[in-house]
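Data file: entry.txt. Format and content: compact mmCIF, C-alpha atoms.
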```txt
# COMPACT_ATOMS: atom_id res chain seq x y z
CA MET I 1 5.22 39.04 -67.09
CA ILE I 2 5.00 40.72 -70.50
CA ARG I 3 4.44 44.48 -70.44
CA PHE I 4 2.84 46.08 -73.48
CA SER I 5 3.31 49.57 -74.80
CA PRO I 6 0.24 51.17 -76.44
CA THR I 7 0.19 52.29 -80.05
CA GLU I 8 -2.34 52.07 -82.90
CA THR I 9 -4.63 49.04 -83.06
CA ILE I 10 -3.79 46.37 -85.64
CA THR I 11 -6.52 44.65 -87.67
CA ASN I 12 -6.21 41.61 -89.94
CA THR I 13 -8.52 39.60 -92.13
CA PHE I 14 -7.93 36.27 -90.47
CA ARG I 15 -10.96 34.19 -91.50
CA THR I 16 -12.08 32.59 -94.73
CA ASN I 17 -15.59 31.59 -95.70
CA GLU I 18 -14.24 28.70 -97.76
CA LEU I 19 -15.09 25.78 -95.48
CA ASP I 20 -14.19 22.97 -97.90
CA PRO I 21 -10.50 21.96 -97.60
CA ILE I 22 -10.58 20.64 -101.17
CA ASN I 23 -10.70 24.28 -102.31
CA HIS I 24 -8.03 25.65 -99.99
CA ARG I 25 -5.15 27.28 -101.85
CA LYS I 26 -2.52 29.99 -101.42
CA ASP I 27 -5.17 32.71 -101.19
CA HIS I 28 -6.33 31.18 -97.90
CA ASP I 29 -2.90 31.02 -96.31
CA GLY I 30 -2.93 32.24 -92.71
CA ARG I 31 -6.71 32.29 -92.44
CA PHE I 32 -8.95 30.28 -90.16
CA TYR I 33 -11.88 28.20 -91.34
CA SER I 34 -14.55 26.78 -89.08
CA ILE I 35 -15.40 23.10 -88.68
CA SER I 36 -18.96 22.21 -87.74
CA GLN I 37 -19.74 20.30 -84.57
CA SER I 38 -21.03 17.35 -86.59
CA VAL I 39 -17.78 17.08 -88.60
CA LYS I 40 -15.73 17.46 -85.43
CA LYS I 41 -17.67 14.63 -83.82
CA GLN I 42 -17.30 12.41 -86.86
CA LEU I 43 -13.61 12.94 -87.47
CA PHE I 44 -12.07 13.61 -84.06
CA SER I 45 -14.14 11.83 -81.40
CA GLY I 46 -11.51 9.10 -81.27
CA GLY I 47 -8.52 11.43 -81.43
CA GLY I 48 -6.69 13.54 -83.97
CA LEU I 49 -6.54 16.88 -82.18
CA PRO I 50 -3.74 17.65 -79.68
CA LYS I 51 -5.08 17.65 -76.13
CA GLU I 52 -4.37 21.36 -75.56
CA TYR I 53 -5.91 22.30 -78.92
CA LYS I 54 -9.04 20.25 -78.31
CA GLU I 55 -9.52 21.69 -74.82
CA LEU I 56 -9.06 25.23 -76.13
CA SER I 57 -11.59 24.69 -78.94
CA GLU I 58 -14.11 23.52 -76.35
CA THR I 59 -13.37 26.53 -74.15
CA LEU I 60 -13.78 28.88 -77.11
CA ASN I 61 -16.99 27.11 -78.16
CA GLY I 62 -15.95 26.17 -81.68
CA LEU I 63 -13.25 24.40 -83.67
CA SER I 64 -11.33 26.45 -86.20
CA ILE I 65 -8.17 25.44 -88.07
CA MET I 66 -5.70 27.80 -89.65
CA VAL I 67 -4.98 27.12 -93.32
CA ARG I 68 -1.18 26.90 -93.38
CA LYS I 69 1.36 26.45 -96.16
CA PRO I 70 2.24 22.80 -95.38
CA ALA I 71 -1.42 21.77 -95.66
CA ILE I 72 -1.89 23.88 -98.81
CA GLU I 73 1.15 22.20 -100.36
CA LEU I 74 -0.19 18.78 -99.47
CA ILE I 75 -3.71 19.55 -100.71
CA THR I 76 -2.23 20.77 -103.99
CA TYR I 77 -0.35 17.49 -104.38
CA LEU I 78 -3.44 15.43 -103.53
CA ASN I 79 -5.63 17.36 -105.96
CA LYS I 80 -3.13 16.64 -108.74
CA THR I 81 -2.44 13.01 -107.82
CA ASN I 82 -2.43 10.32 -110.49
CA PHE I 83 -4.27 7.63 -108.52
CA ASP I 84 -3.36 4.98 -111.11
CA ALA I 85 0.28 5.26 -110.03
CA PRO I 86 1.70 3.72 -106.83
CA VAL I 87 0.65 5.65 -103.73
CA ASN I 88 2.66 8.74 -102.88
CA ARG I 89 3.96 9.00 -99.32
CA TYR I 90 4.26 12.34 -97.57
CA VAL I 91 6.15 12.93 -94.33
CA LEU I 92 5.37 15.98 -92.20
CA TYR I 93 8.23 17.00 -89.92
CA GLY I 94 9.17 19.89 -87.69
CA LYS I 95 9.73 20.81 -84.07
CA THR I 96 7.35 19.44 -81.46
CA GLY I 97 4.44 21.86 -81.12
CA SER I 98 4.85 23.41 -84.58
CA GLY I 99 1.42 22.23 -85.76
CA LYS I 100 1.93 18.86 -87.47
CA SER I 101 -1.06 17.21 -85.78
CA VAL I 102 -3.34 20.13 -86.67
CA SER I 103 -2.12 19.99 -90.27
CA LEU I 104 -3.00 16.27 -90.29
CA ALA I 105 -6.45 17.15 -88.92
CA HIS I 106 -6.85 19.56 -91.86
CA ILE I 107 -5.90 16.74 -94.26
CA LEU I 108 -8.34 14.35 -92.59
CA HIS I 109 -11.13 16.84 -93.26
CA TYR I 110 -9.92 17.07 -96.87
CA GLY I 111 -10.02 13.28 -97.26
CA SER I 112 -13.48 13.02 -95.76
CA ASN I 113 -14.86 15.69 -98.11
CA ALA I 114 -13.12 14.02 -101.05
CA GLY I 115 -14.97 10.77 -100.35
CA MET I 116 -11.87 8.82 -99.34
CA VAL I 117 -11.89 6.01 -96.79
CA LEU I 118 -9.89 7.30 -93.83
CA VAL I 119 -7.35 5.06 -92.12
CA HIS I 120 -6.25 7.24 -89.26
CA VAL I 121 -3.97 6.58 -86.30
CA PRO I 122 -4.21 9.62 -84.00
CA TRP I 123 -0.95 9.01 -82.09
CA VAL I 124 1.17 5.86 -82.45
CA PRO I 125 3.10 6.39 -79.16
CA ASN I 126 -0.12 5.62 -77.25
CA TRP I 127 0.33 2.01 -78.36
CA VAL I 128 4.04 1.98 -77.54
CA ARG I 129 4.39 3.96 -74.32
CA PHE I 130 0.92 3.74 -72.78
CA PRO I 131 -0.45 0.29 -73.68
CA LYS I 132 -3.70 -0.74 -72.01
CA GLY I 133 -2.82 -4.41 -71.97
CA CYS I 134 -0.84 -6.35 -74.57
CA THR I 135 -1.22 -10.09 -74.96
CA PRO I 136 0.77 -12.70 -76.91
CA SER I 137 -0.77 -13.33 -80.30
CA VAL I 138 -2.38 -16.73 -80.78
CA ILE I 139 -2.04 -16.56 -84.57
CA HIS I 140 1.34 -14.84 -85.01
CA PRO I 141 4.26 -16.48 -83.16
CA ASN I 142 6.41 -14.11 -81.08
CA LYS I 143 4.07 -11.20 -81.80
CA TYR I 144 1.83 -9.21 -79.46
CA ASP I 145 -1.77 -7.98 -79.76
CA HIS I 146 -3.33 -4.75 -78.46
CA PRO I 147 -6.90 -5.96 -77.74
CA ILE I 148 -8.27 -2.82 -76.07
CA GLU I 149 -6.56 -0.35 -78.42
CA SER I 150 -7.72 -2.38 -81.43
CA VAL I 151 -11.35 -2.23 -80.28
CA GLU I 152 -10.98 1.54 -79.82
CA TRP I 153 -9.37 1.94 -83.24
CA LEU I 154 -12.12 -0.05 -84.99
CA ARG I 155 -14.71 2.15 -83.28
CA HIS I 156 -12.76 5.24 -84.44
CA PHE I 157 -12.65 3.89 -88.00
CA SER I 158 -16.36 3.14 -87.95
CA THR I 159 -17.22 6.63 -86.67
CA GLN I 160 -15.08 8.35 -89.30
CA ASN I 161 -16.24 6.20 -92.22
CA GLY I 162 -19.65 4.79 -91.27
CA PRO I 163 -21.87 6.45 -93.92
CA LEU I 164 -19.24 6.05 -96.65
CA MET I 165 -18.70 2.36 -95.88
CA GLN I 166 -22.45 1.75 -96.12
CA LYS I 167 -22.47 3.43 -99.51
CA LEU I 168 -19.43 1.52 -100.82
CA GLU I 169 -20.76 -1.89 -99.72
CA LEU I 170 -17.25 -3.39 -99.59
CA LYS I 171 -17.03 -7.14 -98.97
CA THR I 172 -14.34 -9.55 -97.83
CA THR I 173 -12.31 -11.28 -100.53
CA GLU I 174 -11.40 -14.29 -98.39
CA THR I 175 -12.66 -16.28 -95.41
CA TYR I 176 -11.25 -15.47 -91.97
CA ALA I 177 -11.36 -18.20 -89.33
CA TRP I 178 -11.17 -16.83 -85.78
CA SER I 179 -11.83 -20.07 -83.93
CA LYS I 180 -13.39 -23.47 -84.55
CA ARG I 181 -16.83 -21.89 -84.34
CA GLU I 182 -16.26 -18.31 -85.44
CA MET I 183 -15.49 -17.17 -88.94
CA THR I 184 -16.13 -14.37 -91.40
CA ALA I 185 -17.01 -15.89 -94.76
CA VAL I 186 -15.78 -14.60 -98.09
CA GLY I 187 -18.24 -12.06 -99.49
CA SER I 188 -19.27 -10.76 -96.06
CA PRO I 189 -19.69 -7.00 -95.64
CA LEU I 190 -16.62 -5.39 -94.09
CA SER I 191 -19.00 -4.05 -91.44
CA GLU I 192 -19.26 -7.62 -90.10
CA LEU I 193 -15.49 -7.76 -89.75
CA ILE I 194 -15.51 -4.45 -87.89
CA ASP I 195 -18.41 -5.44 -85.63
CA LEU I 196 -16.74 -8.73 -84.75
CA GLY I 197 -13.57 -6.90 -83.69
CA MET I 198 -15.48 -4.36 -81.60
CA ASN I 199 -17.47 -7.08 -79.83
CA ARG I 200 -14.69 -9.65 -79.44
CA ALA I 201 -11.55 -7.97 -78.09
CA LYS I 202 -9.67 -11.26 -78.33
CA HIS I 203 -9.86 -11.06 -82.13
CA ALA I 204 -9.80 -7.25 -82.49
CA THR I 205 -6.15 -6.89 -83.48
CA ASP I 206 -6.44 -9.52 -86.20
CA CYS I 207 -9.66 -7.85 -87.37
CA VAL I 208 -7.70 -4.61 -87.78
CA SER I 209 -5.08 -6.46 -89.85
CA ALA I 210 -7.76 -8.09 -91.99
CA LEU I 211 -9.60 -4.80 -92.50
CA LEU I 212 -6.45 -3.00 -93.66
CA CYS I 213 -5.65 -5.84 -96.03
CA GLU I 214 -9.17 -5.72 -97.49
CA LEU I 215 -9.05 -1.94 -97.92
CA LYS I 216 -5.76 -2.25 -99.76
CA LYS I 217 -7.30 -4.83 -102.12
CA ALA I 218 -10.41 -2.67 -102.57
CA ALA I 219 -8.30 0.33 -103.54
CA LEU I 220 -6.30 -1.74 -106.02
CA SER I 221 -9.53 -2.94 -107.65
CA LYS I 222 -10.87 0.64 -107.82
CA ARG I 223 -13.71 -0.03 -105.41
CA CYS I 224 -12.65 2.78 -103.09
CA ARG I 225 -9.98 5.42 -102.58
CA VAL I 226 -8.02 5.32 -99.32
CA LEU I 227 -6.25 8.07 -97.36
CA VAL I 228 -3.85 6.84 -94.68
CA VAL I 229 -3.02 9.42 -91.99
CA ILE I 230 -0.68 8.44 -89.14
CA ASP I 231 0.63 10.81 -86.45
CA GLY I 232 3.89 9.90 -84.71
CA PHE I 233 4.76 7.28 -87.32
CA ASN I 234 8.38 7.07 -86.18
CA SER I 235 7.22 5.46 -82.93
CA PHE I 236 6.73 2.21 -84.88
CA PHE I 237 10.55 2.09 -85.07
CA SER I 238 11.28 3.12 -81.50
CA PRO I 239 14.06 1.08 -79.81
CA LYS I 240 11.88 0.41 -76.77
CA SER I 241 8.34 0.16 -75.46
CA ARG I 242 6.66 -0.26 -72.10
CA VAL I 243 5.38 -3.70 -72.99
CA ARG I 244 7.16 -6.49 -71.11
CA ARG I 245 7.25 -10.24 -71.49
CA GLU I 246 6.89 -12.56 -68.51
CA ASP I 247 10.69 -12.57 -68.14
CA LYS I 248 10.59 -8.73 -67.97
CA SER I 249 12.37 -8.31 -71.32
CA ILE I 250 11.20 -5.47 -73.59
CA VAL I 251 8.83 -6.11 -76.47
CA LEU I 252 9.90 -3.91 -79.38
CA PRO I 253 7.26 -2.00 -81.39
CA THR I 254 8.28 -4.06 -84.44
CA GLU I 255 6.96 -7.10 -82.56
CA PHE I 256 3.41 -5.71 -82.40
CA VAL I 257 0.83 -7.16 -84.79
CA LEU I 258 -0.55 -3.64 -85.25
CA THR I 259 2.88 -2.44 -86.40
CA ASP I 260 3.02 -5.15 -89.07
CA ALA I 261 -0.50 -4.24 -90.23
CA PHE I 262 0.16 -0.53 -90.62
CA LEU I 263 3.63 -0.98 -92.10
CA SER I 264 2.08 -3.23 -94.74
CA LEU I 265 -0.44 -0.52 -95.58
CA THR I 266 2.26 2.18 -95.80
CA ARG I 267 4.25 0.37 -98.48
CA ASN I 268 3.84 1.75 -101.98
CA ASP I 269 2.79 -1.55 -103.54
CA TRP I 270 -0.77 -0.38 -104.16
CA ASN I 271 -2.57 2.54 -105.81
CA ASN I 272 -5.75 4.61 -105.65
CA GLY I 273 -4.78 6.20 -102.37
CA ALA I 274 -2.31 8.39 -100.50
CA ILE I 275 -0.23 8.08 -97.34
CA VAL I 276 0.43 11.03 -95.03
CA VAL I 277 2.44 10.53 -91.85
CA SER I 278 4.20 12.73 -89.34
CA VAL I 279 7.43 12.18 -87.46
CA ASP I 280 7.98 13.92 -84.15
CA ALA I 281 10.72 13.90 -81.53
CA SER I 282 8.18 13.43 -78.75
CA ALA I 283 7.21 10.09 -80.31
CA HIS I 284 10.64 8.76 -79.30
CA PRO I 285 12.39 8.30 -75.95
CA SER I 286 14.12 11.43 -74.62
CA GLU I 287 17.55 10.26 -75.79
CA LEU I 288 16.39 10.28 -79.43
CA ARG I 289 15.21 13.87 -79.76
CA GLU I 290 18.27 15.68 -81.10
CA SER I 291 16.86 16.45 -84.55
CA PRO I 292 13.37 16.78 -86.03
CA LEU I 293 14.54 15.68 -89.50
CA PRO I 294 12.92 12.54 -90.99
CA ARG I 295 16.22 10.68 -91.50
CA TYR I 296 17.03 10.98 -87.79
CA GLN I 297 13.51 10.38 -86.49
CA LEU I 298 12.80 7.36 -88.70
CA GLY I 299 16.18 5.73 -88.31
CA LYS I 300 17.62 3.47 -91.00
CA GLN I 301 14.77 0.94 -90.95
CA GLY I 302 11.96 3.50 -90.97
CA PHE I 303 13.62 5.67 -93.59
CA GLU I 304 14.13 2.73 -95.94
CA HIS I 305 10.52 1.64 -95.38
CA LEU I 306 9.12 5.00 -96.56
CA ASP I 307 11.73 5.84 -99.19
CA PRO I 308 10.88 7.40 -101.60
CA PHE I 309 8.71 9.98 -99.89
CA ILE I 310 7.95 13.69 -100.14
CA PRO I 311 9.06 15.62 -97.02
CA ILE I 312 6.99 18.62 -95.96
CA GLU I 313 8.26 20.82 -93.16
CA VAL I 314 5.81 22.33 -90.68
CA PRO I 315 7.69 25.40 -89.42
CA ASN I 316 6.89 27.98 -86.77
CA TYR I 317 4.34 30.66 -87.65
CA SER I 318 5.18 33.14 -90.35
CA GLU I 319 4.51 36.77 -89.50
CA LYS I 320 1.14 36.62 -91.24
CA GLU I 321 0.18 33.40 -89.42
CA PHE I 322 1.26 34.85 -86.09
CA HIS I 323 -0.97 37.91 -86.48
CA SER I 324 -3.89 35.75 -87.61
CA GLN I 325 -3.50 33.59 -84.54
CA ILE I 326 -3.45 36.65 -82.25
CA ASP I 327 -6.50 38.06 -84.04
CA TYR I 328 -8.28 34.77 -83.47
CA TYR I 329 -7.44 34.78 -79.75
CA VAL I 330 -8.64 38.36 -79.47
CA GLU I 331 -11.88 37.68 -81.33
CA ARG I 332 -12.68 34.71 -79.10
CA ASN I 333 -11.86 36.78 -76.00
CA TRP I 334 -9.10 34.35 -75.09
CA LEU I 335 -6.59 37.21 -75.21
CA GLN I 336 -8.37 40.14 -73.61
CA GLN I 337 -5.55 42.57 -73.00
CA PRO I 338 -6.16 45.65 -75.20
CA LYS I 339 -2.41 45.97 -75.61
CA ALA I 340 -2.36 42.66 -77.50
CA ARG I 341 -3.94 44.61 -80.36
CA THR I 342 -0.94 46.90 -80.60
CA GLU I 343 2.14 46.58 -82.75
CA ARG I 344 4.50 46.80 -79.76
CA GLY I 345 2.54 44.28 -77.72
CA ARG I 346 2.45 41.79 -80.56
CA ALA I 347 6.16 42.24 -81.22
CA GLU I 348 6.88 41.25 -77.63
CA LEU I 349 4.56 38.22 -77.84
CA SER I 350 6.27 37.20 -81.07
CA PHE I 351 9.74 37.55 -79.55
CA THR I 352 8.87 35.70 -76.35
CA SER I 353 7.14 32.79 -78.10
CA GLY I 354 9.53 32.65 -81.04
CA ASN I 355 6.38 32.35 -83.19
CA HIS I 356 6.18 28.74 -81.99
CA PRO I 357 2.49 27.73 -82.09
CA LEU I 358 2.34 25.71 -78.87
CA SER I 359 4.51 28.18 -76.96
CA LEU I 360 2.28 31.05 -78.08
CA MET I 361 -0.83 29.15 -76.98
CA LYS I 362 0.65 28.63 -73.53
CA LEU I 363 1.97 32.19 -73.35
CA VAL I 364 -1.36 33.91 -73.94
CA ALA I 365 -3.37 31.55 -71.70
CA PRO I 366 -3.01 33.64 -68.51
CA TYR I 367 -4.05 36.89 -70.20
```
Any chance you could put this one into structure tokens?
Amino acid sequence: MIRFSPTETITNTFRTNELDPINHRKDHDGRFYSISQSVKKQLFSGGGLPKEYKELSETLNGLSIMVRKPAIELITYLNKTNFDAPVNRYVLYGKTGSGKSVSLAHILHYGSNAGMVLVHVPWVPNWVRFPKGCTPSVIHPNKYDHPIESVEWLRHFSTQNGPLMQKLELKTTETYAWSKREMTAVGSPLSELIDLGMNRAKHATDCVSALLCELKKAALSKRCRVLVVIDGFNSFFSPKSRVRREDKSIVLPTEFVLTDAFLSLTRNDWNNGAIVVSVDASAHPSELRESPLPRYQLGKQGFEHLDPFIPIEVPNYSEKEFHSQIDYYVERNWLQQPKARTERGRAELSFTSGNHPLSLMKLVAPY
């Protein structure tokens, strides 16, 4: 148990009234901004917030995100992007629990406000380690579909982008034949493609592939601007999965149709968009968690796929960020000990947690 020694109370300005991520800059570093319930429902109903973070926001009756340097750096790059050039690729890296997923959530909000079509995968390892039922692909030899996950992803895409997709009125550029009787004709609204996938799980994975292909073409022809955000990207290159063939042999993630679809979208052979991914040790098996660096986490194949990319480290809290986080916990009555307001008490919390965001969250929970 941590014992606090009383001294003078510390106060910090830890909130900002600037609620639009497009305008976040260095002046907002270490400050929280609030996200409305409607935006939270739109962007994160299908995932995107770490489980502990989501549960805490519900307990504290409101979602707030701290504006941190990695997100500010990324927003600065995005605001200055030449969208006529091939897409830039950004890789967030850092220790597990340092805040990469929350930084990606910040960037999702940015993309939504900027009018970009969001292509978001909340956590790739869910497809690799916790599949809900993979089936051999009928169309792609020696490949495997994720019918249930694909339906869920299409629903997530539709929720995040529904109003924008209606406004853009994007249409298919080719005809897709699903069976002898079912097809999506050229010139059909992309909403038909999405609806088909959500209603026909058998075709859902191929609908995801077709949708990503159409979005890529739409971006190239300047009909929309696309922001790709993928958490746990390195899991696409994991040396194992929990999917098994009938002979009990392992199906590698590179043998998933979804992997092919998202790797195609994360090449830099298109423009009018941006690609932001994270790599995390927890996205790999336990024997591949020695280093958080992109070269190690991606492996040779993954590194070569993304190269060139811009690496952005998500470190532990700075001193300013640490105090802002404590102020936030105190304000929301999550940390009720009066001694947490003191310099000595905070110093002990900082030392014990190592200023590691997830460790600090867990440390203050009992108080």
Requested in this report: Could you check how far atom CA of I:Glu152 sits from atom CA of I:Leu227, in Å to one decimal?
Outcome: 19.3 Å
Report summary line: If you count only C-alpha atoms, the residue of I:Glu319, I:Tyr329, I:Pro141, I:Gln166 closest to I:Ala347 turns out to be I:Glu319
Query raised in the report: Of the candidates I:Val330, I:Ala201, I:Ile72, I:Leu298, which one gets nearest to I:Ile312 if we count all atoms listed in the file?
Result: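 Residue with the minimum atom-to-atom distance to I:Ile312: I:Ile72.
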Requested in this report: For I:His305, please output as a VMD selection string all residues within 10 Å (counting all atoms listed in the file; exclusion window: fewer than 2 positions along the same chain).
Outcome: chain I and resid 263 to 264 266 to 268 298 to 303 307 to 309
Query raised in the report: What separation in Å, quoted to one decimal, exists between atom CA of I:Trp334 and atom CA of I:Ser353?
Result: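 Separation between atom CA of I:Trp334 and atom CA of I:Ser353: 16.6 Å.
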Query raised in the report: Nearest to I:Ala210: which of I:Lys240, I:Ile139, I:Ala261, I:Glu331 is it, counting only C-alpha atoms?
Result: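 The answer is I:Ala261, which sits nearest to I:Ala210.
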Expected answer as a PDB file with C-alpha atoms, in the coordinates of the input: all residues with atoms within 9 Å of (-8.7, 7.4, -82.7), only C-alpha atoms:
```pdb
ATOM      1  CA  LEU I  43     -13.610  12.940 -87.470  1.00  0.00           C
ATOM      2  CA  PHE I  44     -12.070  13.610 -84.060  1.00  0.00           C
ATOM      3  CA  SER I  45     -14.140  11.830 -81.400  1.00  0.00           C
ATOM      4  CA  GLY I  46     -11.510   9.100 -81.270  1.00  0.00           C
ATOM      5  CA  GLY I  47      -8.520  11.430 -81.430  1.00  0.00           C
ATOM      6  CA  GLY I  48      -6.690  13.540 -83.970  1.00  0.00           C
ATOM      7  CA  HIS I 120      -6.250   7.240 -89.260  1.00  0.00           C
ATOM      8  CA  VAL I 121      -3.970   6.580 -86.300  1.00  0.00           C
ATOM      9  CA  PRO I 122      -4.210   9.620 -84.000  1.00  0.00           C
ATOM     10  CA  TRP I 123      -0.950   9.010 -82.090  1.00  0.00           C
ATOM     11  CA  GLU I 152     -10.980   1.540 -79.820  1.00  0.00           C
ATOM     12  CA  TRP I 153      -9.370   1.940 -83.240  1.00  0.00           C
ATOM     13  CA  LEU I 154     -12.120  -0.050 -84.990  1.00  0.00           C
ATOM     14  CA  ARG I 155     -14.710   2.150 -83.280  1.00  0.00           C
ATOM     15  CA  HIS I 156     -12.760   5.240 -84.440  1.00  0.00           C
ATOM     16  CA  PHE I 157     -12.650   3.890 -88.000  1.00  0.00           C
TER      17      PHE I 157
END
```
Requested in this report: Name all residues at most 9 Å from stretch 288-292 of chain I (count all atoms listed in the file; drop same-chain ones fewer than 5 positions away) and give them as number ranges by chain.
Outcome: I: 93-96, 279-283, 297
**Report entry** Straight-line distance linking atom CA of I:Pro86 with atom CA of I:Gly115, stated in Å to one decimal
**Finding:**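 Result for atom CA of I:Pro86 versus atom CA of I:Gly115: 19.2 Å, one decimal.
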Report task. Using all atoms listed in the file, find the one residue out of I:Val124, I:Leu118, I:Met361, I:Val39 that sits nearest to I:Tyr53. Result ->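 For I:Tyr53, the nearest of the candidates is I:Met361.
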**Report entry** Proximity to I:Gly99 - best of I:Ala365, I:Val257, I:Leu349, I:Leu358, only C-alpha atoms
**Finding:**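 Nearest candidate to I:Gly99 out of I:Ala365, I:Val257, I:Leu349, I:Leu358: I:Leu358.
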Report task. Just give me the residues with any atom within 12 Å of (-12.8, 20.2, -100.8), file coordinates, counting only C-alpha atoms, written as a ChimeraX atom specification. Result -> /I:18-25,72,75-76,78-79,106-116
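Proximity to I:Val208 was assessed for I:Ile35, I:Leu193, I:Ile275, I:Ala71 counting all atoms listed in the file; the smallest distance is recorded for I:Leu193.
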Requested in this report: Write out as JSON, numbers by chain the residues lying within 10 Å of I:Ser221, counting all atoms listed in the file and excluding same-chain residues fewer than 6 positions away.
Outcome: {"I": [215, 270, 271, 272]}
Leaving out I:Phe130 and any residue of its chain fewer than 2 positions from it, which residues lie within 12 Å of it when counting all atoms listed in the file, given as a short mmCIF file (atom, residue, chain, number, x, y, z; two decimals) with C-alpha atoms, in the frame of the given file?
```cif
data_model
loop_
_atom_site.label_atom_id
_atom_site.label_comp_id
_atom_site.auth_asym_id
_atom_site.auth_seq_id
_atom_site.Cartn_x
_atom_site.Cartn_y
_atom_site.Cartn_z
CA TRP I 123 -0.95 9.01 -82.09
CA VAL I 124 1.17 5.86 -82.45
CA PRO I 125 3.10 6.39 -79.16
CA ASN I 126 -0.12 5.62 -77.25
CA TRP I 127 0.33 2.01 -78.36
CA VAL I 128 4.04 1.98 -77.54
CA LYS I 132 -3.70 -0.74 -72.01
CA GLY I 133 -2.82 -4.41 -71.97
CA CYS I 134 -0.84 -6.35 -74.57
CA HIS I 146 -3.33 -4.75 -78.46
CA ILE I 148 -8.27 -2.82 -76.07
CA GLU I 149 -6.56 -0.35 -78.42
CA SER I 241 8.34 0.16 -75.46
CA ARG I 242 6.66 -0.26 -72.10
CA VAL I 243 5.38 -3.70 -72.99
CA ALA I 283 7.21 10.09 -80.31
#
```
Go through stretch 187-279 of chain I and flag each residue having an atom no more than 9 Å from stretch 167-180 of chain I; for those, report the closest pair of atoms plus their distance in Å to one decimal, using all atoms listed in the file, ordered by chain and rising number, as a Markdown table.
```
| residue | atom | partner | partner_atom | distance |
| --- | --- | --- | --- | --- |
| I:Gly187 | CA | I:Thr172 | CA | 4.9 |
| I:Ser188 | CA | I:Lys171 | CA | 5.2 |
| I:Pro189 | CA | I:Lys171 | CA | 4.3 |
| I:Leu190 | CA | I:Lys171 | CA | 5.2 |
| I:Ser191 | CA | I:Leu170 | CA | 8.4 |
| I:Leu193 | CA | I:Thr172 | CA | 8.4 |
| I:His203 | CA | I:Trp178 | CA | 7.0 |
| I:Asp206 | CA | I:Trp178 | CA | 8.7 |
| I:Ala210 | CA | I:Tyr176 | CA | 8.2 |
| I:Leu211 | CA | I:Thr172 | CA | 8.6 |
| I:Glu214 | CA | I:Thr172 | CA | 6.4 |
| I:Leu215 | CA | I:Leu170 | CA | 8.5 |
| I:Lys217 | CA | I:Thr173 | CA | 8.3 |
| I:Ala218 | CA | I:Leu170 | CA | 7.5 |
| I:Arg223 | CA | I:Leu168 | CA | 7.5 |
| I:Cys224 | CA | I:Leu168 | CA | 7.3 |
```
